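The file final-v3.txt comes next; it holds compact mmCIF, C-alpha atoms.
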# COMPACT_ATOMS: atom_id res chain seq x y z
CA MET E 239 142.01 -42.58 -96.73
CA ASN E 240 140.31 -41.64 -93.53
CA SER E 241 136.86 -42.93 -92.64
CA ILE E 242 133.74 -40.83 -93.05
CA GLU E 243 133.62 -40.48 -89.27
CA GLU E 244 137.18 -39.18 -89.15
CA ARG E 245 136.61 -36.77 -91.98
CA LEU E 246 133.42 -35.42 -90.47
CA ARG E 247 135.11 -34.97 -87.14
CA ALA E 248 138.06 -33.14 -88.69
CA LEU E 249 135.67 -30.73 -90.39
CA GLU E 250 133.63 -30.25 -87.22
CA ASP E 251 136.78 -29.63 -85.19
CA ARG E 252 137.92 -26.97 -87.63
CA ALA E 253 134.53 -25.29 -87.75
CA GLU E 254 134.31 -25.20 -83.97
CA ILE E 255 137.81 -23.73 -83.54
CA VAL E 256 137.27 -21.09 -86.23
CA ASP E 257 133.99 -20.09 -84.60
CA LEU E 258 135.50 -19.98 -81.12
CA ILE E 259 138.14 -17.52 -82.30
CA ALA E 260 135.53 -15.50 -84.21
CA SER E 261 133.50 -15.14 -81.02
CA TYR E 262 136.32 -13.48 -79.08
CA GLY E 263 136.00 -10.04 -80.67
CA PRO E 264 132.26 -9.60 -80.10
CA TYR E 265 132.68 -10.82 -76.51
CA ALA E 266 135.51 -8.35 -75.89
CA ASP E 267 133.67 -5.42 -77.45
CA SER E 268 130.52 -6.07 -75.48
CA GLY E 269 132.44 -6.45 -72.20
CA ASN E 270 131.37 -10.05 -71.73
CA GLY E 271 134.10 -11.32 -69.41
CA ALA E 272 132.25 -14.50 -68.46
CA ALA E 273 131.95 -15.55 -72.08
CA ILE E 274 135.66 -14.87 -72.67
CA GLU E 275 136.63 -16.91 -69.62
CA ALA E 276 134.51 -19.82 -70.87
CA LEU E 277 136.60 -20.02 -74.05
CA TRP E 278 139.64 -21.09 -72.03
CA THR E 279 140.39 -24.28 -70.10
CA PRO E 280 140.62 -23.97 -66.30
CA GLU E 281 144.42 -24.01 -66.65
CA GLY E 282 144.41 -21.71 -69.66
CA THR E 283 146.45 -18.52 -69.95
CA TYR E 284 146.44 -15.41 -72.09
CA SER E 285 149.67 -13.50 -72.57
CA PHE E 286 150.00 -10.06 -74.14
CA ASP E 287 152.70 -7.40 -73.77
CA THR E 288 154.32 -8.17 -70.41
CA THR E 289 151.12 -9.55 -68.87
CA THR E 290 149.99 -13.16 -68.46
CA LEU E 291 146.45 -13.66 -67.26
CA GLN E 292 145.51 -16.91 -65.54
CA HIS E 293 142.06 -18.40 -66.06
CA ALA E 294 140.63 -16.79 -62.94
CA GLU E 295 141.73 -13.39 -64.25
CA LEU E 296 140.29 -13.72 -67.74
CA ALA E 297 136.79 -12.53 -66.90
CA GLY E 298 138.35 -9.40 -65.45
CA LEU E 299 140.05 -8.58 -68.73
CA VAL E 300 137.13 -6.40 -69.74
CA ASP E 301 137.38 -4.46 -66.47
CA LEU E 302 141.01 -3.43 -66.96
CA GLY E 303 141.44 0.32 -67.27
CA THR E 304 142.68 0.05 -70.84
CA HIS E 305 139.73 -2.09 -71.86
CA ARG E 306 137.14 0.15 -70.19
CA ASP E 307 138.77 3.08 -71.93
CA TYR E 308 138.50 1.34 -75.30
CA MET E 309 134.84 0.56 -74.76
CA GLU E 310 133.97 4.09 -73.74
CA ALA E 311 135.73 5.53 -76.77
CA GLY E 312 134.17 2.92 -79.06
CA CYS E 313 136.22 -0.11 -80.04
CA ALA E 314 136.38 -3.10 -82.33
CA HIS E 315 138.50 -6.14 -81.51
CA VAL E 316 138.99 -7.39 -85.03
CA LEU E 317 140.36 -10.92 -85.44
CA THR E 318 141.23 -12.36 -88.81
CA ALA E 319 140.17 -15.83 -89.89
CA PRO E 320 142.86 -18.14 -88.51
CA SER E 321 144.98 -20.77 -90.13
CA VAL E 322 144.42 -23.93 -88.07
CA ARG E 323 146.38 -27.15 -87.67
CA ILE E 324 144.67 -29.94 -85.78
CA ASP E 325 146.62 -32.88 -84.42
CA GLY E 326 144.33 -35.27 -82.59
CA ASP E 327 143.12 -33.59 -79.44
CA THR E 328 145.24 -30.46 -79.75
CA ALA E 329 145.39 -27.68 -82.28
CA VAL E 330 147.38 -24.56 -83.06
CA ALA E 331 145.90 -21.52 -84.80
CA THR E 332 147.55 -18.33 -85.99
CA ASN E 333 145.89 -15.06 -86.86
CA HIS E 334 146.03 -11.29 -86.46
CA SER E 335 144.14 -9.20 -83.98
CA LEU E 336 143.61 -5.47 -84.35
CA VAL E 337 141.99 -3.12 -81.88
CA PHE E 338 140.34 -0.16 -83.59
CA VAL E 339 139.46 2.71 -81.27
CA ARG E 340 137.46 5.84 -81.98
CA ARG E 341 139.31 8.63 -80.22
CA ALA E 342 137.94 10.87 -82.95
CA GLU E 343 136.87 10.30 -86.54
CA PRO E 344 138.13 8.06 -88.04
CA TRP E 345 138.84 4.97 -85.94
CA THR E 346 142.52 4.04 -85.68
CA ALA E 347 144.33 0.74 -85.09
CA GLU E 348 145.88 1.19 -81.65
CA ARG E 349 146.97 -2.44 -81.39
CA VAL E 350 147.99 -4.73 -84.23
CA SER E 351 149.26 -8.10 -83.07
CA SER E 352 150.31 -11.56 -84.07
CA ASN E 353 148.49 -14.33 -82.24
CA ARG E 354 149.17 -17.99 -81.63
CA TRP E 355 146.39 -20.01 -80.06
CA PHE E 356 146.93 -23.41 -78.50
CA LEU E 357 143.72 -25.37 -78.18
CA VAL E 358 142.69 -28.67 -76.64
CA ARG E 359 139.67 -30.90 -77.02
CA THR E 360 137.76 -31.20 -73.75
CA GLY E 361 134.59 -33.02 -72.77
CA GLY E 362 132.76 -29.76 -73.41
CA GLY E 363 134.34 -29.01 -76.76
CA TRP E 364 137.48 -27.19 -77.86
CA ARG E 365 138.99 -24.70 -75.45
CA VAL E 366 142.02 -22.39 -75.45
CA SER E 367 144.89 -23.64 -73.33
CA LYS E 368 147.17 -20.74 -74.23
CA ARG E 369 146.91 -17.62 -76.33
CA GLU E 370 149.94 -15.49 -77.04
CA ASN E 371 149.50 -12.00 -78.45
CA ARG E 372 152.43 -9.77 -79.40
CA LEU E 373 152.39 -6.30 -80.92
CA LEU E 374 153.77 -6.18 -84.45
CA THR E 375 156.23 -3.37 -83.86
CA GLY E 376 159.05 -4.77 -85.95
CA ASN E 377 160.42 -7.03 -83.24
CA GLU E 378 161.38 -10.63 -83.84
CA SER E 379 159.35 -12.02 -80.94
CA ALA E 380 156.05 -10.98 -82.53
CA ARG E 381 157.07 -12.58 -85.82
CA GLU E 382 157.99 -15.79 -84.03
CA LEU E 383 154.33 -16.45 -83.24
CA PHE E 384 153.82 -16.81 -86.98
CA ALA E 385 156.71 -19.23 -87.48
CA THR E 386 155.73 -22.56 -88.99
CA MET A 254 124.95 -38.39 -81.71
CA ASN A 255 123.56 -36.89 -84.86
CA SER A 256 123.38 -38.84 -88.10
CA ILE A 257 125.89 -38.41 -90.88
CA GLU A 258 123.23 -36.58 -92.87
CA GLU A 259 122.59 -34.16 -90.04
CA ARG A 260 126.27 -33.54 -89.48
CA LEU A 261 126.94 -32.93 -93.15
CA ARG A 262 124.02 -30.57 -93.35
CA ALA A 263 125.19 -28.62 -90.31
CA LEU A 264 128.61 -28.19 -91.89
CA GLU A 265 127.14 -27.21 -95.24
CA ASP A 266 124.81 -24.70 -93.59
CA ARG A 267 127.73 -23.10 -91.79
CA ALA A 268 129.91 -22.98 -94.90
CA GLU A 269 127.11 -21.41 -96.91
CA ILE A 270 126.38 -18.73 -94.31
CA VAL A 271 130.04 -17.85 -93.83
CA ASP A 272 130.47 -17.54 -97.59
CA LEU A 273 127.32 -15.45 -97.98
CA ILE A 274 128.63 -12.93 -95.47
CA ALA A 275 132.09 -12.99 -97.07
CA SER A 276 130.55 -12.09 -100.41
CA TYR A 277 128.96 -8.88 -99.15
CA GLY A 278 132.14 -6.79 -99.12
CA PRO A 279 133.24 -7.56 -102.68
CA TYR A 280 129.68 -6.93 -103.91
CA ALA A 281 129.54 -3.59 -102.09
CA ASP A 282 132.95 -2.47 -103.32
CA SER A 283 132.17 -3.33 -106.92
CA GLY A 284 128.81 -1.58 -106.81
CA ASN A 285 126.85 -4.77 -107.46
CA GLY A 286 123.46 -3.86 -106.05
CA ALA A 287 121.67 -6.78 -107.69
CA ALA A 288 123.99 -9.28 -106.04
CA ILE A 289 123.52 -7.60 -102.64
CA GLU A 290 119.75 -7.69 -103.01
CA ALA A 291 119.86 -11.40 -103.83
CA LEU A 292 121.49 -12.13 -100.46
CA TRP A 293 118.30 -11.07 -98.66
CA THR A 294 114.83 -12.65 -98.52
CA PRO A 295 112.01 -10.73 -100.22
CA GLU A 296 110.94 -9.51 -96.75
CA GLY A 297 114.48 -8.87 -95.60
CA THR A 298 115.71 -5.58 -94.15
CA TYR A 299 119.05 -3.88 -93.55
CA SER A 300 119.31 -1.31 -90.76
CA PHE A 301 122.25 1.03 -90.20
CA ASP A 302 122.45 4.38 -88.44
CA THR A 303 118.89 5.73 -88.56
CA THR A 304 118.07 4.04 -91.87
CA THR A 305 116.23 0.79 -92.54
CA LEU A 306 116.26 -0.41 -96.11
CA GLN A 307 113.52 -2.75 -97.31
CA HIS A 308 114.33 -5.47 -99.83
CA ALA A 309 113.28 -3.35 -102.81
CA GLU A 310 115.73 -0.66 -101.70
CA LEU A 311 118.75 -2.91 -101.20
CA ALA A 312 119.94 -2.86 -104.79
CA GLY A 313 119.97 0.93 -104.57
CA LEU A 314 122.34 0.86 -101.61
CA VAL A 315 125.30 1.19 -103.95
CA ASP A 316 123.74 4.26 -105.57
CA LEU A 317 123.41 6.24 -102.37
CA GLY A 318 125.53 9.39 -102.33
CA THR A 319 127.70 8.12 -99.50
CA HIS A 320 128.34 4.84 -101.26
CA ARG A 321 129.16 6.47 -104.61
CA ASP A 322 131.50 8.78 -102.77
CA TYR A 323 133.25 5.81 -101.12
CA MET A 324 133.69 4.06 -104.44
CA GLU A 325 135.10 7.12 -106.16
CA ALA A 326 137.60 7.68 -103.37
CA GLY A 327 138.51 3.99 -103.25
CA CYS A 328 136.90 1.82 -100.59
CA ALA A 329 137.01 -1.58 -98.94
CA HIS A 330 134.01 -2.98 -97.10
CA VAL A 331 135.88 -5.32 -94.78
CA LEU A 332 133.83 -7.93 -92.94
CA THR A 333 135.33 -10.21 -90.34
CA ALA A 334 134.69 -13.94 -90.25
CA PRO A 335 131.43 -14.30 -88.28
CA SER A 336 130.53 -16.39 -85.31
CA VAL A 337 127.46 -18.36 -86.37
CA ARG A 338 124.72 -20.16 -84.45
CA ILE A 339 122.37 -22.32 -86.44
CA ASP A 340 119.06 -23.51 -85.03
CA GLY A 341 117.16 -25.57 -87.57
CA ASP A 342 116.08 -23.30 -90.37
CA THR A 343 117.25 -20.06 -88.81
CA ALA A 344 120.65 -18.73 -87.82
CA VAL A 345 122.23 -15.73 -86.16
CA ALA A 346 125.71 -14.46 -87.01
CA THR A 347 127.76 -11.69 -85.45
CA ASN A 348 130.77 -9.94 -86.90
CA HIS A 349 132.45 -6.59 -87.48
CA SER A 350 132.31 -4.50 -90.61
CA LEU A 351 134.78 -1.75 -91.38
CA VAL A 352 134.71 0.65 -94.30
CA PHE A 353 138.18 1.80 -95.31
CA VAL A 354 138.25 4.84 -97.59
CA ARG A 355 141.15 6.42 -99.39
CA ARG A 356 140.66 10.15 -99.04
CA ALA A 357 144.43 10.38 -99.20
CA GLU A 358 147.25 8.00 -98.30
CA PRO A 359 146.77 5.98 -96.18
CA TRP A 360 143.25 4.55 -96.15
CA THR A 361 141.27 5.23 -92.97
CA ALA A 362 138.45 3.39 -91.25
CA GLU A 363 135.50 5.76 -91.65
CA ARG A 364 132.96 3.25 -90.34
CA VAL A 365 133.57 0.52 -87.75
CA SER A 366 130.41 -1.34 -86.76
CA SER A 367 128.98 -4.26 -84.91
CA ASN A 368 126.71 -6.47 -86.99
CA ARG A 369 124.05 -9.00 -86.20
CA TRP A 370 122.72 -11.05 -89.09
CA PHE A 371 119.48 -13.03 -88.91
CA LEU A 372 119.31 -15.71 -91.58
CA VAL A 373 116.71 -18.18 -92.77
CA ARG A 374 116.86 -21.29 -94.89
CA THR A 375 114.85 -20.90 -98.08
CA GLY A 376 114.22 -23.17 -101.04
CA GLY A 377 117.10 -21.41 -102.78
CA GLY A 378 119.52 -21.57 -99.88
CA TRP A 379 120.26 -19.36 -96.88
CA ARG A 380 119.20 -15.73 -97.08
CA VAL A 381 119.41 -12.71 -94.78
CA SER A 382 116.10 -11.83 -93.15
CA LYS A 383 117.55 -8.94 -91.15
CA ARG A 384 120.94 -7.31 -90.77
CA GLU A 385 121.59 -4.75 -88.10
CA ASN A 386 124.71 -2.58 -88.27
CA ARG A 387 125.60 -0.05 -85.60
CA LEU A 388 128.66 2.19 -85.36
CA LEU A 389 130.95 1.32 -82.46
CA THR A 390 131.15 4.82 -81.03
CA GLY A 391 131.03 3.83 -77.38
CA ASN A 392 127.24 3.56 -77.20
CA GLU A 393 125.45 0.66 -75.60
CA SER A 394 123.18 -0.03 -78.55
CA ALA A 395 126.11 -1.04 -80.76
CA ARG A 396 127.43 -3.37 -78.08
CA GLU A 397 123.98 -4.96 -77.72
CA LEU A 398 124.31 -6.51 -81.17
CA PHE A 399 127.18 -8.57 -79.75
CA ALA A 400 125.26 -9.72 -76.67
CA THR A 401 124.97 -13.47 -76.35
CA MET X 7 121.57 -34.81 -104.34
CA ASN X 8 125.28 -35.42 -104.19
CA SER X 9 126.76 -38.46 -102.51
CA ILE X 10 128.26 -38.36 -99.04
CA GLU X 11 131.69 -38.63 -100.63
CA GLU X 12 131.04 -35.67 -102.89
CA ARG X 13 129.66 -33.58 -100.05
CA LEU X 14 132.58 -34.36 -97.77
CA ARG X 15 135.02 -33.53 -100.52
CA ALA X 16 133.33 -30.21 -101.25
CA LEU X 17 133.57 -29.27 -97.57
CA GLU X 18 137.19 -30.38 -97.36
CA ASP X 19 138.08 -28.47 -100.51
CA ARG X 20 136.55 -25.32 -99.09
CA ALA X 21 138.24 -25.71 -95.72
CA GLU X 22 141.61 -26.26 -97.36
CA ILE X 23 141.30 -23.22 -99.64
CA VAL X 24 140.13 -20.95 -96.82
CA ASP X 25 143.03 -22.10 -94.66
CA LEU X 26 145.57 -21.67 -97.47
CA ILE X 27 144.52 -18.05 -97.91
CA ALA X 28 144.53 -17.49 -94.14
CA SER X 29 148.11 -18.72 -93.97
CA TYR X 30 149.42 -16.09 -96.39
CA GLY X 31 149.42 -13.18 -93.94
CA PRO X 32 151.37 -14.91 -91.16
CA TYR X 33 153.88 -16.19 -93.73
CA ALA X 34 154.34 -12.71 -95.18
CA ASP X 35 154.68 -11.04 -91.79
CA SER X 36 157.26 -13.54 -90.61
CA GLY X 37 159.28 -13.27 -93.81
CA ASN X 38 158.74 -16.91 -94.73
CA GLY X 39 159.34 -16.81 -98.46
CA ALA X 40 159.65 -20.57 -98.82
CA ALA X 41 156.22 -21.11 -97.28
CA ILE X 42 154.68 -18.48 -99.56
CA GLU X 43 156.24 -20.07 -102.62
CA ALA X 44 154.83 -23.45 -101.62
CA LEU X 45 151.27 -22.07 -101.77
CA TRP X 46 151.57 -21.61 -105.52
CA THR X 47 151.81 -24.13 -108.37
CA PRO X 48 155.13 -24.27 -110.26
CA GLU X 49 153.50 -22.20 -113.01
CA GLY X 50 151.73 -19.89 -110.61
CA THR X 51 151.94 -16.10 -110.71
CA TYR X 52 151.22 -13.22 -108.35
CA SER X 53 150.39 -9.84 -109.83
CA PHE X 54 150.20 -6.58 -107.88
CA ASP X 55 150.55 -2.98 -109.03
CA THR X 56 152.62 -3.19 -112.22
CA THR X 57 154.54 -6.28 -111.09
CA THR X 58 153.96 -9.94 -111.91
CA LEU X 59 156.05 -12.43 -109.99
CA GLN X 60 156.67 -15.87 -111.45
CA HIS X 61 156.87 -18.89 -109.16
CA ALA X 62 160.65 -18.74 -108.90
CA GLU X 63 160.39 -15.15 -107.69
CA LEU X 64 157.74 -15.71 -105.03
CA ALA X 65 160.11 -16.71 -102.26
CA GLY X 66 161.97 -13.48 -102.86
CA LEU X 67 158.84 -11.42 -102.23
CA VAL X 68 159.79 -11.05 -98.60
CA ASP X 69 163.22 -9.73 -99.58
CA LEU X 70 161.93 -6.87 -101.69
CA GLY X 71 162.87 -3.47 -100.31
CA THR X 72 159.26 -2.54 -99.64
CA HIS X 73 158.63 -5.77 -97.77
CA ARG X 74 161.78 -5.52 -95.65
CA ASP X 75 160.80 -1.97 -94.84
CA TYR X 76 157.34 -3.11 -93.73
CA MET X 77 158.80 -5.79 -91.51
CA GLU X 78 161.27 -3.44 -89.86
CA ALA X 79 158.57 -0.90 -89.14
CA GLY X 80 156.17 -3.59 -87.90
CA CYS X 81 153.51 -4.89 -90.28
CA ALA X 82 150.39 -6.98 -90.54
CA HIS X 83 149.25 -8.47 -93.83
CA VAL X 84 145.57 -8.78 -93.01
CA LEU X 85 143.47 -10.93 -95.33
CA THR X 86 139.71 -11.19 -95.00
CA ALA X 87 137.88 -14.50 -95.08
CA PRO X 88 137.30 -15.19 -98.78
CA SER X 89 134.19 -16.01 -100.72
CA VAL X 90 135.02 -19.22 -102.60
CA ARG X 91 133.51 -20.91 -105.65
CA ILE X 92 134.72 -24.39 -106.42
CA ASP X 93 134.15 -25.99 -109.79
CA GLY X 94 135.63 -29.49 -109.92
CA ASP X 95 139.39 -29.14 -109.82
CA THR X 96 139.53 -25.36 -109.99
CA ALA X 97 138.30 -22.62 -107.72
CA VAL X 98 138.08 -18.85 -107.57
CA ALA X 99 138.20 -16.88 -104.32
CA THR X 100 137.78 -13.17 -103.70
CA ASN X 101 138.80 -11.21 -100.64
CA HIS X 102 140.47 -8.06 -99.36
CA SER X 103 144.04 -7.67 -98.24
CA LEU X 104 145.25 -4.79 -96.09
CA VAL X 105 148.81 -4.04 -95.08
CA PHE X 106 149.00 -2.24 -91.76
CA VAL X 107 152.36 -0.63 -91.01
CA ARG X 108 153.58 1.00 -87.83
CA ARG X 109 155.49 4.08 -88.95
CA ALA X 110 154.42 5.58 -85.64
CA GLU X 111 151.49 4.99 -83.32
CA PRO X 112 148.93 4.02 -84.47
CA TRP X 113 149.35 1.55 -87.32
CA THR X 114 147.97 2.72 -90.67
CA ALA X 115 146.64 0.87 -93.70
CA GLU X 116 149.23 1.60 -96.37
CA ARG X 117 147.75 -0.86 -98.86
CA VAL X 118 144.10 -1.85 -99.22
CA SER X 119 143.44 -4.13 -102.16
CA SER X 120 140.95 -6.31 -103.91
CA ASN X 121 142.15 -9.84 -104.56
CA ARG X 122 141.10 -12.59 -106.91
CA TRP X 123 142.69 -15.99 -106.36
CA PHE X 124 142.61 -18.75 -108.96
CA LEU X 125 143.29 -22.15 -107.47
CA VAL X 126 143.77 -25.65 -108.79
CA ARG X 127 143.67 -29.07 -107.21
CA THR X 128 147.04 -30.80 -107.46
CA GLY X 129 148.32 -34.16 -106.26
CA GLY X 130 149.58 -32.37 -103.16
CA GLY X 131 146.42 -30.41 -102.46
CA TRP X 132 145.05 -27.05 -103.57
CA ARG X 133 147.52 -24.49 -104.88
CA VAL X 134 147.31 -20.96 -106.24
CA SER X 135 147.68 -20.74 -110.00
CA LYS X 136 147.19 -16.98 -110.11
CA ARG X 137 146.60 -14.23 -107.60
CA GLU X 138 145.70 -10.74 -108.69
CA ASN X 139 145.92 -7.87 -106.21
CA ARG X 140 144.91 -4.32 -107.07
CA LEU X 141 144.86 -1.24 -104.86
CA LEU X 142 141.37 0.07 -104.16
CA THR X 143 142.08 3.66 -105.18
CA GLY X 144 138.78 4.29 -106.90
CA ASN X 145 139.80 2.78 -110.21
CA GLU X 146 137.63 0.37 -112.16
CA SER X 147 140.34 -2.26 -112.58
CA ALA X 148 140.47 -2.96 -108.84
CA ARG X 149 136.70 -3.30 -108.68
CA GLU X 150 136.77 -5.71 -111.61
CA LEU X 151 138.48 -8.33 -109.45
CA PHE X 152 135.28 -8.40 -107.39
CA ALA X 153 132.97 -8.78 -110.37
CA THR X 154 130.79 -11.87 -110.30

Give the structure from this file in structure tokens form.
Amino acid sequence: MNSIEERLRALEDRAEIVDLIASYGPYADSGNGAAIEALWTPEGTYSFDTTTLQHAELAGLVDLGTHRDYMEAGCAHVLTAPSVRIDGDTAVATNHSLVFVRRAEPWTAERVSSNRWFLVRTGGGWRVSKRENRLLTGNESARELFAT
Amino acid sequence: MNSIEERLRALEDRAEIVDLIASYGPYADSGNGAAIEALWTPEGTYSFDTTTLQHAELAGLVDLGTHRDYMEAGCAHVLTAPSVRIDGDTAVATNHSLVFVRRAEPWTAERVSSNRWFLVRTGGGWRVSKRENRLLTGNESARELFAT
Amino acid sequence: MNSIEERLRALEDRAEIVDLIASYGPYADSGNGAAIEALWTPEGTYSFDTTTLQHAELAGLVDLGTHRDYMEAGCAHVLTAPSVRIDGDTAVATNHSLVFVRRAEPWTAERVSSNRWFLVRTGGGWRVSKRENRLLTGNESARELFAT
């Protein structure tokens, strides 16, 4: 049996990671690049489609043409509650992300992706060291992010 | 470092708030106006579009024409897991809400909104003092609910 | 007031149940029948539409024609964060599940359901004893799963 301290810390770790991931969507939809960048470690990366953004590029994510277009049309970056496995000072979380865009009524899901988040404990709390996002278009590589 | 009591309470507060928000969708979809009303404080309000409902009007939310229409067609009030900040006896949570309606196959997202929930600790647990819901149609006011 | 041990256990129970439910979607989308089966008790059942799967049939869920078809087209089994009530060694959770499928761009929600999960504490952790899933097509039986 773990100590009270260990059990509290495990619960706090989980709560912090779940909240970090829940904050991504509102940050993306409100164009808050600085807040997105702050979720990652200085060495952190974010890969989607054929793109990999380095930490210094993360704040600019919301200024990409596709993102600006989403925001002007009206968008919702919807992330599902993740399943999280914590192992000491690292963690892995899996969840879905969906981007709903309002080209017209009703909104439609223009992106539906699998996600695998790699997280590390830092002096300032948990941060993302790597996030991989792959469109669920029937390909094996997107399903691999959900492999156990 | 906070005491064990403080840490437990912080975790319990968070769990209670997350669960409260998770309960809204099932209550809305099952037409349970009394249960919705009980989530708010007696002074609580719920604003969406150009409407602001006072506490006494919350139970009637499920009897509005639009809501009855949703339920007859088949609907899902989908709320994402919120990001929550607790400060003593008050808290603020942000998340998305989406209303899927089955006019025909498949279901479509007729409403996609940003939400900001203001919560207070009461003698009977956490309650909503104010919820603001704005359609993500590309306007700045909806994005403001997600501002940090 | 409950003891520290009781409060920790209540939080751990909740975290475990929420994570179990969050793991279902990634398992389904990656065709991991063995992992799905392991979420249920040996006597557990999963009912949807007019089908009830027994435990021995759960792993085969991902081999059903409809499921294979979803995976080939590209699919996301999206589950919302549940509302959970724990009572000793049993629990009940309610949430939505949505199956997004990519027949063409964009993805559409081919299934949108209410869910009621019955869970039990076992020697190996929490498991599902029964899950009921009903399409939200405007019928009363689907809404009943969300009744308090």

Asp95 of chain X environment, 7 Å, only C-alpha atoms, sequence neighbours closer than 2 positions dropped, as a list of chain:residue names: X:Asp93, X:Ala97, X:Val126, X:Arg127

At most 8 Å to chain X: residues in chain A, only C-alpha atoms, as a ChimeraX atom specification: /A:261,264-265,268,272-273,275-276,279-280,282-283,285,324-329,331-334,353,355,358-361

Serialized selection, C-alpha atoms, as a short mmCIF file (atom, residue, chain, number, x, y, z; two decimals), in the frame of the given file:
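Okay, out_11.cif is ready:
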data_model
loop_
_atom_site.label_atom_id
_atom_site.label_comp_id
_atom_site.auth_asym_id
_atom_site.auth_seq_id
_atom_site.Cartn_x
_atom_site.Cartn_y
_atom_site.Cartn_z
CA LEU A 261 126.94 -32.93 -93.15
CA LEU A 264 128.61 -28.19 -91.89
CA GLU A 265 127.14 -27.21 -95.24
CA ALA A 268 129.91 -22.98 -94.90
CA ASP A 272 130.47 -17.54 -97.59
CA LEU A 273 127.32 -15.45 -97.98
CA ALA A 275 132.09 -12.99 -97.07
CA SER A 276 130.55 -12.09 -100.41
CA PRO A 279 133.24 -7.56 -102.68
CA TYR A 280 129.68 -6.93 -103.91
CA ASP A 282 132.95 -2.47 -103.32
CA SER A 283 132.17 -3.33 -106.92
CA ASN A 285 126.85 -4.77 -107.46
CA MET A 324 133.69 4.06 -104.44
CA GLU A 325 135.10 7.12 -106.16
CA ALA A 326 137.60 7.68 -103.37
CA GLY A 327 138.51 3.99 -103.25
CA CYS A 328 136.90 1.82 -100.59
CA ALA A 329 137.01 -1.58 -98.94
CA VAL A 331 135.88 -5.32 -94.78
CA LEU A 332 133.83 -7.93 -92.94
CA THR A 333 135.33 -10.21 -90.34
CA ALA A 334 134.69 -13.94 -90.25
CA PHE A 353 138.18 1.80 -95.31
CA ARG A 355 141.15 6.42 -99.39
CA GLU A 358 147.25 8.00 -98.30
CA PRO A 359 146.77 5.98 -96.18
CA TRP A 360 143.25 4.55 -96.15
CA THR A 361 141.27 5.23 -92.97
#

Coordinates-based distance that separates atom CA of Glu11 of chain X from atom CA of Leu125 of chain X (Å, one decimal): 21.3 Å

Best match for closeness to His305 of chain E among E:Gly326, E:Gly269, E:Gly362, E:Ile259, counting all atoms listed in the file: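 Of E:Gly326, E:Gly269, E:Gly362, E:Ile259, the one nearest His305 of chain E, counting all atoms listed in the file, is E:Gly269.
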
Could you name the residues that touch Leu64 of chain X at 7 Å or less, counting only C-alpha atoms, but leaving out those on the same chain fewer than 5 positions away, as a PDB file with C-alpha atoms, in the coordinates of the input?
ATOM      1  CA  GLY X  39     159.340 -16.810 -98.460  1.00  0.00           C
ATOM      2  CA  ILE X  42     154.680 -18.480 -99.560  1.00  0.00           C
ATOM      3  CA  GLU X  43     156.240 -20.070-102.620  1.00  0.00           C
ATOM      4  CA  LEU X  59     156.050 -12.430-109.990  1.00  0.00           C
TER       5      LEU X  59
END

Tell me, as a PDB file with C-alpha atoms, keeping the file's coordinate frame, which residues lie within 12 Å of Thr290 of chain E, counting all atoms listed in the file; anything in the same chain fewer than 2 positions away does not count.
ATOM      1  CA  GLY E 282     144.410 -21.710 -69.660  1.00  0.00           C
ATOM      2  CA  THR E 283     146.450 -18.520 -69.950  1.00  0.00           C
ATOM      3  CA  TYR E 284     146.440 -15.410 -72.090  1.00  0.00           C
ATOM      4  CA  SER E 285     149.670 -13.500 -72.570  1.00  0.00           C
ATOM      5  CA  PHE E 286     150.000 -10.060 -74.140  1.00  0.00           C
ATOM      6  CA  ASP E 287     152.700  -7.400 -73.770  1.00  0.00           C
ATOM      7  CA  THR E 288     154.320  -8.170 -70.410  1.00  0.00           C
ATOM      8  CA  GLN E 292     145.510 -16.910 -65.540  1.00  0.00           C
ATOM      9  CA  HIS E 293     142.060 -18.400 -66.060  1.00  0.00           C
ATOM     10  CA  ALA E 294     140.630 -16.790 -62.940  1.00  0.00           C
ATOM     11  CA  GLU E 295     141.730 -13.390 -64.250  1.00  0.00           C
ATOM     12  CA  LEU E 296     140.290 -13.720 -67.740  1.00  0.00           C
ATOM     13  CA  LEU E 299     140.050  -8.580 -68.730  1.00  0.00           C
ATOM     14  CA  LYS E 368     147.170 -20.740 -74.230  1.00  0.00           C
ATOM     15  CA  ARG E 369     146.910 -17.620 -76.330  1.00  0.00           C
ATOM     16  CA  GLU E 370     149.940 -15.490 -77.040  1.00  0.00           C
ATOM     17  CA  ASN E 371     149.500 -12.000 -78.450  1.00  0.00           C
ATOM     18  CA  ARG E 372     152.430  -9.770 -79.400  1.00  0.00           C
TER      19      ARG E 372
END

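The space between atom CA of Tyr30 of chain X and atom CA of Trp132 of chain X spans 13.8 Å.
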
Between atom CA of Val134 of chain X and atom CA of Val330 of chain E, distance in Å (one decimal):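 Pair atom CA of Val134 of chain X / atom CA of Val330 of chain E returns 23.5 Å.
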
Top pick for closest residue to His83 of chain X, considering X:Arg15, X:Gly31, X:Gly66, X:Glu49 and counting only C-alpha atoms: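 That would be X:Gly31, the residue with the smallest distance to His83 of chain X.
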
Produce the centre coordinates and the three edge lengths, each in Å to one decimal, of the box along x, y and z that contains all listed atoms of segment 339-355 of chain A with 8 Å added on each side, as lines of an AutoDock Vina configuration file.
center_x = 128.6
center_y = -9.6
center_z = -92.2
size_x = 41.1
size_y = 48.0
size_z = 30.4
